[in-house]
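This report refers to the structure that appears directly beneath it.
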Amino acid sequence: RLGVRRADDMHLTLEFGGGLELLFGSQKKHEVEVTSPDDLKEVTMESLLSWIKDNLIKERPEMFVKESSVRPGVLVLINDSDWELCGRLETVLEENDEVIFISTLHGG
Amino acid sequence: RLGVRRADDMHLTLEFGGGLELLFGSQKKHEVEVTSPDDLKEVTMESLLSWIKDNLIKERPEMFVKESSVRPGVLVLINDSDWELCGRLETVLEENDEVIFISTLHGG
Amino acid sequence: IAGLSHSLTAAQIQRYSRQLLLPSFGVKAQENLCKGSVLIVGAGGLGSPVALYLAACGVGCIGIMDPDRVELHNLHRQVIHNEASVGETKVSSASRTCLAINSSVKVVEYPFGLDARNALDIMAQYDVVVDASDNVATRYLVSDACVVANKPLVSGAALGMEGQLTVYNYLKGPCYRCLFPTPSPQAACQRCSDAGVLGVVPGIVGTFQALEVIKVLTKVGEPLSARMLILDALSSRIHTVKLRGKNTQCVACGELPQITHITLPNFDYEKFAASPMSDGTPPREQV
Amino acid sequence: IAGLSHSLTAAQIQRYSRQLLLPSFGVKAQENLCKGSVLIVGAGGLGSPVALYLAACGVGCIGIMDPDRVELHNLHRQVIHNEASVGETKVSSASRTCLAINSSVKVVEYPFGLDARNALDIMAQYDVVVDASDNVATRYLVSDACVVANKPLVSGAALGMEGQLTVYNYLKGPCYRCLFPTPSPQAACQRCSDAGVLGVVPGIVGTFQALEVIKVLTKVGEPLSARMLILDALSSRIHTVKLRGKNTQCVACGELPQITHITLPNFDYEKFAASPMSDGTPPREQV
Ligand SMILES: [Zn+2]
Ligand SMILES: [Zn+2]
């Protein structure tokens with residue numbers, strides 16, 4: 001587990017694929033404890049992205065994030081469902097949610 | 001959903017594969033409400049099997065159950081995990097658990 | 001089966017007997033296959049198993065499109081070719097293998113690449129299109145052309161130890177641009193010639209693509225429309241995820257499409273994708 | 001790559017270059033493949049893609065075992081054969097296709113069935129065994145023999161629109177008898193000749209079996225030991241589940257095994273499974 005668990009921390013399982021894992025030390029799966037920003041009780045996808053940028057990413061952040069969202073070509077899945085279906089950046093995450101970031105592949 | 005939901009009923013998702021679905025009207029997936037037997041609060045795999053035998057099976061029960069368990073050649077998975085790992089017949093089921101019964105295939 | 005009124009010959013009944021036995025398949029489904037047609041864009045790692053299995057199961061007309069010739073380093077994954085076909089065009093090598101397995105199907109060879117000018121005319125002749133290509137520019141072209149020509153698109157991709165598969169532009173599902181309105185940055189557009197690929201990975205994805213084509217042609221089962229299959233061969237982890245539906249604002253398949261049969265032929269896909277359609281680009285690390 | 005001290009020839013480096021590029025694969029893994037050997041029991045629907053992709057990726061020695069001859073109704077799924085090989089033994093037809101793709105590998109033909117007397121001697125010569133057979137009796141024999149000969153077993157099955165795959169007798173995982181100490185009742189032991197099969201289903205399972213063989217031979221990635229891949233082609237649902245570990249009471253791989261190199265050769269597998277090893281049984285509905 002990454003990070004000491006504080007009272008209102010949220011445990012999430014993050015996965016990076018399609019090459020994105022190269023930005024995270026070539027590790028695909030990460031069990032993390034995410035603190036909800038300042039007084040907000042909720043962790044949204046937007047706060048998760050900035051948490052990842054500040055705590056997890058090892059190199060070339062521009063290959064993962066662009067402005068406040070993910071860079072083009074990255075598919076985001078929350079519990080195996082496209083985040084487009086649950087409100088993209090506004091999606092409110094829950095304890096033990098699984099979030100997958102996967103870059104679309106072009107090879108064949 | 002099958003069956004009227006009573007207070008202490010438990011909703012389960014059952015799946016039959018590898019040919020077993022032929023005993024259940026060729027329907028693979030069944031969303032069911034299972035009542036825990038008499039005063040017991042719990043639904044175990046054993047009580048689920050007898051519930052299935054009494055309420056769901058359409059033909060040739062001997063091709064599904066044998067004595068109080070499943071007949072040889074049937075693999076039982078609770079939330080994608082072999083029931084051998086969680087106590088076979090004694091396993092206590094929880095709300096919204098997914099139980100898969102799949103007959104081993106021999107063809108090739 | 002022979003007694004029923006159907007169009008299968010005795011030889012077809014014998015050849016496809018094991019499929020005809022299937023309760024969920026049967027004569028009507030086989031007839032749909034034998035009358036069906038599929039265009040396979042790419043005769044490489046993905047296209048090999050797609051063409052092999054579609055010829056074997058009896059798809060009436062198979063179009064195969066690829067500008068390249070067979071090379072030795074293709075053979076670890078492009079199992080429709082062999083040592084004797086090195087130097088030959090991929091489409092003629094693939095066609096020979098398909099006809100050797102099933103001489104009753106028709107194979108049409110397109111020894112050149114799909115481009116904005118020829119896409120719509122060629123696609124119009126087929127029921128289903130398979131994207132087995134290897135570059136971003138072609139993937140946008142194939143998707144746009146399928147939307148304009150109103151054809152379902154079975155799209156697969158494979159690189160390294162990973163694979164992805166979905167059916168675009170079918171039922172109420174999204175198209176490629178619905179998912180990716182803007183292309184990935186260049187550094188994320190890798191080829192097998194850059195990042196490498198394990199042979200069986202396009203093998204698994206391509207065989208699965210053949211399954212999706214069969215289901216679209218026969219209307220049997222639920223194809224991967226608005227769902228994506230994700231394969232990680234290293235951990236043998238493979239699962240399907242739920243995708244968004246059509247984007248009403250999509251420039252291709254939305255309510256006010258900018259990509260039409262008039263504008264598509266003049267669209268510069270290589271410029272849009274900032275990468276060429278043909279192989280031979282300098283290696284870049286996939287991110 | 002050429003500079004490193006390794007045993008690959010220039011031709012091998014060129015042929016396998018796209019695999020050698022893989023960070024997770026590399027020269028050492030390719031050397032393991034080229035020095036590796038695999039016995040494929042069955043040259044049918046599953047054995048076809050297994051043999052094709054293992055020959056293509058360079059497995060040094062491939063043994064193929066099957067007593068049958070190629071028939072027209074095999075060709076919808078057994079894509080290693082073709083119309084010209086109808087009537088020929090399946091092993092010689094398969095061998096020809098493998099060598100056409102990769103003449104640098106060795107293929108050993110066994111034009112007869114595995115049985116209790118020949119199993120141990122033959123298996124002893126191989127690193128990994130693949131169960132691509134089509135009947136219960138053979139599956140128990142192959143599993144028991146792998147336990148006695150201490151070989152990992154990549155076991156696949158396909159029927160109708162469904163497929164299953166796991167790696168038995170490897171690391172701390174179970175063997176076939178750990179999962180199924182008693183065979184299924186006869187009514188549940190169906191063949192493709194009874195219940196039918198869609199060609200791509202053994203195609204997907206068999207290609208996946210080739211992946212598992214590669215991972216066992218190269219020690220790259222996590223193979224499906226104590227996990228099972230379950231495919232339902234109708235809904236394109238494919239997922240892996242977690243299986244029990246070794247059963248210490250197992251008659252084959254347990255602490256006090258009754259199946260040993262002494263008892264195995266005299267064990268009557270057809271009687272135990274109440275069904276014959278060869279094809280041609282009367283049709284029964286799969287339950
Ligand atoms: Zn669209
Ligand atoms: Zn055992």
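Ordered as shown in the structure tokens, chains take letters A, B, and onward, while each chain numbers its residues from 1 and ligands are numbered from 1 in the order shown.
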
| said: Can you pull out the residues contacting range 50-58 of chain A? Cut-off 8 Å, using only C-alpha atoms, and skip same-chain residues under 6 positions away; I want them as JSON, numbers by chain. | reply: {"A": [23, 24, 25, 34, 65, 68]}

| query | Could you write out, as a ChimeraX atom specification, all the residues of chain A that DSSP marks as strand (DSSP E or B)? | reply | /A:2,10-17,29-34,44,65-66,69-70,74-78,81-82,92,98-103

Limited to C-alpha atoms, could you put the picked residues into a file as a compact mmCIF listing (two decimals), in the first residue's frame?
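Okay, result.txt is ready:
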# COMPACT_ATOMS: atom_id res chain seq x y z
CA LEU A 2 1.24 3.45 -0.85
CA MET A 10 -9.89 6.33 0.50
CA HIS A 11 -8.38 3.09 -0.72
CA LEU A 12 -8.41 2.76 -4.53
CA THR A 13 -6.95 0.25 -7.00
CA LEU A 14 -5.35 2.02 -9.97
CA GLU A 15 -4.24 0.31 -13.17
CA PHE A 16 -2.22 1.71 -16.07
CA GLY A 17 -2.07 -0.02 -19.48
CA LYS A 29 -1.29 -2.09 -10.62
CA HIS A 30 -1.14 0.37 -7.71
CA GLU A 31 -3.06 0.04 -4.41
CA VAL A 32 -3.24 3.62 -3.12
CA GLU A 33 -4.67 5.70 -0.23
CA VAL A 34 -6.04 8.98 -1.56
CA THR A 44 -13.70 12.99 -7.49
CA VAL A 65 -2.47 14.55 -18.21
CA LYS A 66 -3.47 17.49 -20.38
CA SER A 69 -8.03 15.89 -17.76
CA VAL A 70 -6.18 12.91 -19.31
CA VAL A 74 -6.40 7.63 -22.97
CA LEU A 75 -9.54 5.69 -22.01
CA VAL A 76 -10.61 5.93 -18.34
CA LEU A 77 -12.64 3.08 -16.83
CA ILE A 78 -14.25 3.12 -13.39
CA SER A 81 -17.19 1.16 -17.11
CA ASP A 82 -16.24 4.11 -19.39
CA VAL A 92 -17.45 10.76 -7.20
CA GLU A 98 -11.04 0.25 -9.42
CA VAL A 99 -9.87 2.88 -11.90
CA ILE A 100 -8.12 1.83 -15.13
CA PHE A 101 -6.22 4.27 -17.39
CA ILE A 102 -5.46 2.64 -20.74
CA SER A 103 -3.86 4.18 -23.81

| said: List the spatial neighbours of Leu153 in chain D as a PyMOL selection string - criterion: any atom at most 8 Å away, only C-alpha atoms, same-chain residues fewer than 5 positions off excluded. | reply: chain D and resi 128-131+143+146+167-170

| field | Residue list for chain A near chain C as number ranges by chain, 8 Å, only C-alpha atoms | value | A: 18-23, 63, 71-75, 77, 80-82, 84-85, 103-108

| task | Write as a ChimeraX atom specification the residues around ligand 1, taking 6 Å as the cut-off and counting only C-alpha atoms and all ligand atoms. | result | /C:174-175,177-178,246-247,250,252-254

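Counting only C-alpha atoms and comparing D:Ala100, D:Ala11, D:Lys35, D:Met123, the residue that lies closest to Ile64 in chain D is D:Met123.
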
| request: When you get a sec, could you note down which chain D residues fall within 8 Å of chain C, using only C-alpha atoms, as number ranges by chain? | output: D: 14-22, 52-53, 56-58, 72-77, 79, 81-84, 100-103, 160, 192-201, 203-204, 207-208, 210-211, 220-224, 233-240

| helix (DSSP H, G or I) positions in range 29-202 of chain C, given as a PyMOL selection string | chain C and resi 29-35+47-57+72-74+83-85+90-101+119-123+136-149+176-179+186-188+192-195+200-202

| request: Between CA of Asp8 in chain A and CA of Val43 in chain A, measure the distance and give it in Å to one decimal. | output: 10.2 Å

| query | Quick one, how far is CA of Asp66 in chain C from CA of Val38 in chain C? | reply |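 Those two atoms sit 14.5 Å apart.
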
| said: Counting only C-alpha atoms and all ligand atoms, which residue out of D:Lys172, D:Lys271, D:Lys219, D:His261 sits closest to ligand 2? | reply: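 Looking only at the distances to ligand 2, the closest residue turns out to be D:Lys172.
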
| task | Determine, counting only C-alpha atoms, which protein, DNA and RNA residues have an atom within 9 Å of an atom of Glu42 in chain A; residues of the same chain fewer than 6 positions away are not included. Present the result as number ranges by chain. | result | A: 36, 92-94

| field | Distance in Å - CA of Lys106 in chain C versus CA of Met65 in chain C | value | 14.2 Å

So that I can check the surroundings of Ile62 in chain C, please list as a PDB file with N, CA and C atoms, in the first residue's frame every protein, DNA and RNA residue that reaches within 9 Å of it, counting only C-alpha atoms and ignoring chain neighbours fewer than 4 positions away.
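Once written, out.pdb looks like this:
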ATOM      1  N   GLY C  36     -22.469 -13.744 -47.118  1.00  0.00           N
ATOM      2  CA  GLY C  36     -21.878 -12.536 -46.517  1.00  0.00           C
ATOM      3  C   GLY C  36     -20.560 -12.140 -47.159  1.00  0.00           C
ATOM      4  N   SER C  37     -20.131 -10.888 -46.890  1.00  0.00           N
ATOM      5  CA  SER C  37     -18.851 -10.415 -47.429  1.00  0.00           C
ATOM      6  C   SER C  37     -18.174  -9.535 -46.384  1.00  0.00           C
ATOM      7  N   VAL C  38     -16.832  -9.632 -46.323  1.00  0.00           N
ATOM      8  CA  VAL C  38     -16.065  -8.878 -45.313  1.00  0.00           C
ATOM      9  C   VAL C  38     -14.819  -8.292 -45.970  1.00  0.00           C
ATOM     10  N   LEU C  39     -14.514  -7.034 -45.626  1.00  0.00           N
ATOM     11  CA  LEU C  39     -13.287  -6.402 -46.101  1.00  0.00           C
ATOM     12  C   LEU C  39     -12.296  -6.358 -44.948  1.00  0.00           C
ATOM     13  N   ILE C  40     -11.118  -6.973 -45.121  1.00  0.00           N
ATOM     14  CA  ILE C  40     -10.104  -7.003 -44.062  1.00  0.00           C
ATOM     15  C   ILE C  40      -8.999  -6.017 -44.447  1.00  0.00           C
ATOM     16  N   ALA C  51      -8.537 -13.662 -41.553  1.00  0.00           N
ATOM     17  CA  ALA C  51      -8.789 -14.227 -42.891  1.00  0.00           C
ATOM     18  C   ALA C  51      -8.855 -15.751 -42.831  1.00  0.00           C
ATOM     19  N   LEU C  54     -12.215 -16.834 -41.177  1.00  0.00           N
ATOM     20  CA  LEU C  54     -13.411 -16.471 -41.946  1.00  0.00           C
ATOM     21  C   LEU C  54     -13.492 -17.284 -43.230  1.00  0.00           C
ATOM     22  N   ALA C  55     -12.346 -17.581 -43.826  1.00  0.00           N
ATOM     23  CA  ALA C  55     -12.363 -18.458 -45.010  1.00  0.00           C
ATOM     24  C   ALA C  55     -12.801 -19.859 -44.583  1.00  0.00           C
ATOM     25  N   SER C  95      -4.332 -14.842 -49.844  1.00  0.00           N
ATOM     26  CA  SER C  95      -5.408 -15.392 -50.676  1.00  0.00           C
ATOM     27  C   SER C  95      -5.161 -16.880 -50.961  1.00  0.00           C
ATOM     28  N   VAL C 105     -14.839 -20.292 -51.328  1.00  0.00           N
ATOM     29  CA  VAL C 105     -15.067 -18.871 -51.052  1.00  0.00           C
ATOM     30  C   VAL C 105     -14.382 -18.033 -52.130  1.00  0.00           C
ATOM     31  N   LYS C 106     -14.814 -16.753 -52.221  1.00  0.00           N
ATOM     32  CA  LYS C 106     -14.212 -15.836 -53.203  1.00  0.00           C
ATOM     33  C   LYS C 106     -13.281 -14.883 -52.431  1.00  0.00           C
ATOM     34  N   VAL C 107     -12.048 -14.724 -52.892  1.00  0.00           N
ATOM     35  CA  VAL C 107     -11.121 -13.783 -52.234  1.00  0.00           C
ATOM     36  C   VAL C 107     -10.749 -12.696 -53.233  1.00  0.00           C
ATOM     37  N   VAL C 108     -10.905 -11.429 -52.802  1.00  0.00           N
ATOM     38  CA  VAL C 108     -10.563 -10.296 -53.667  1.00  0.00           C
ATOM     39  C   VAL C 108      -9.286  -9.661 -53.129  1.00  0.00           C
ATOM     40  N   GLU C 109      -8.255  -9.528 -53.959  1.00  0.00           N
ATOM     41  CA  GLU C 109      -6.958  -8.994 -53.511  1.00  0.00           C
ATOM     42  C   GLU C 109      -6.836  -7.502 -53.821  1.00  0.00           C
ATOM     43  N   TYR C 126     -18.981  -4.289 -49.393  1.00  0.00           N
ATOM     44  CA  TYR C 126     -18.870  -5.304 -48.341  1.00  0.00           C
ATOM     45  C   TYR C 126     -19.894  -5.088 -47.229  1.00  0.00           C
TER      46      TYR C 126
END
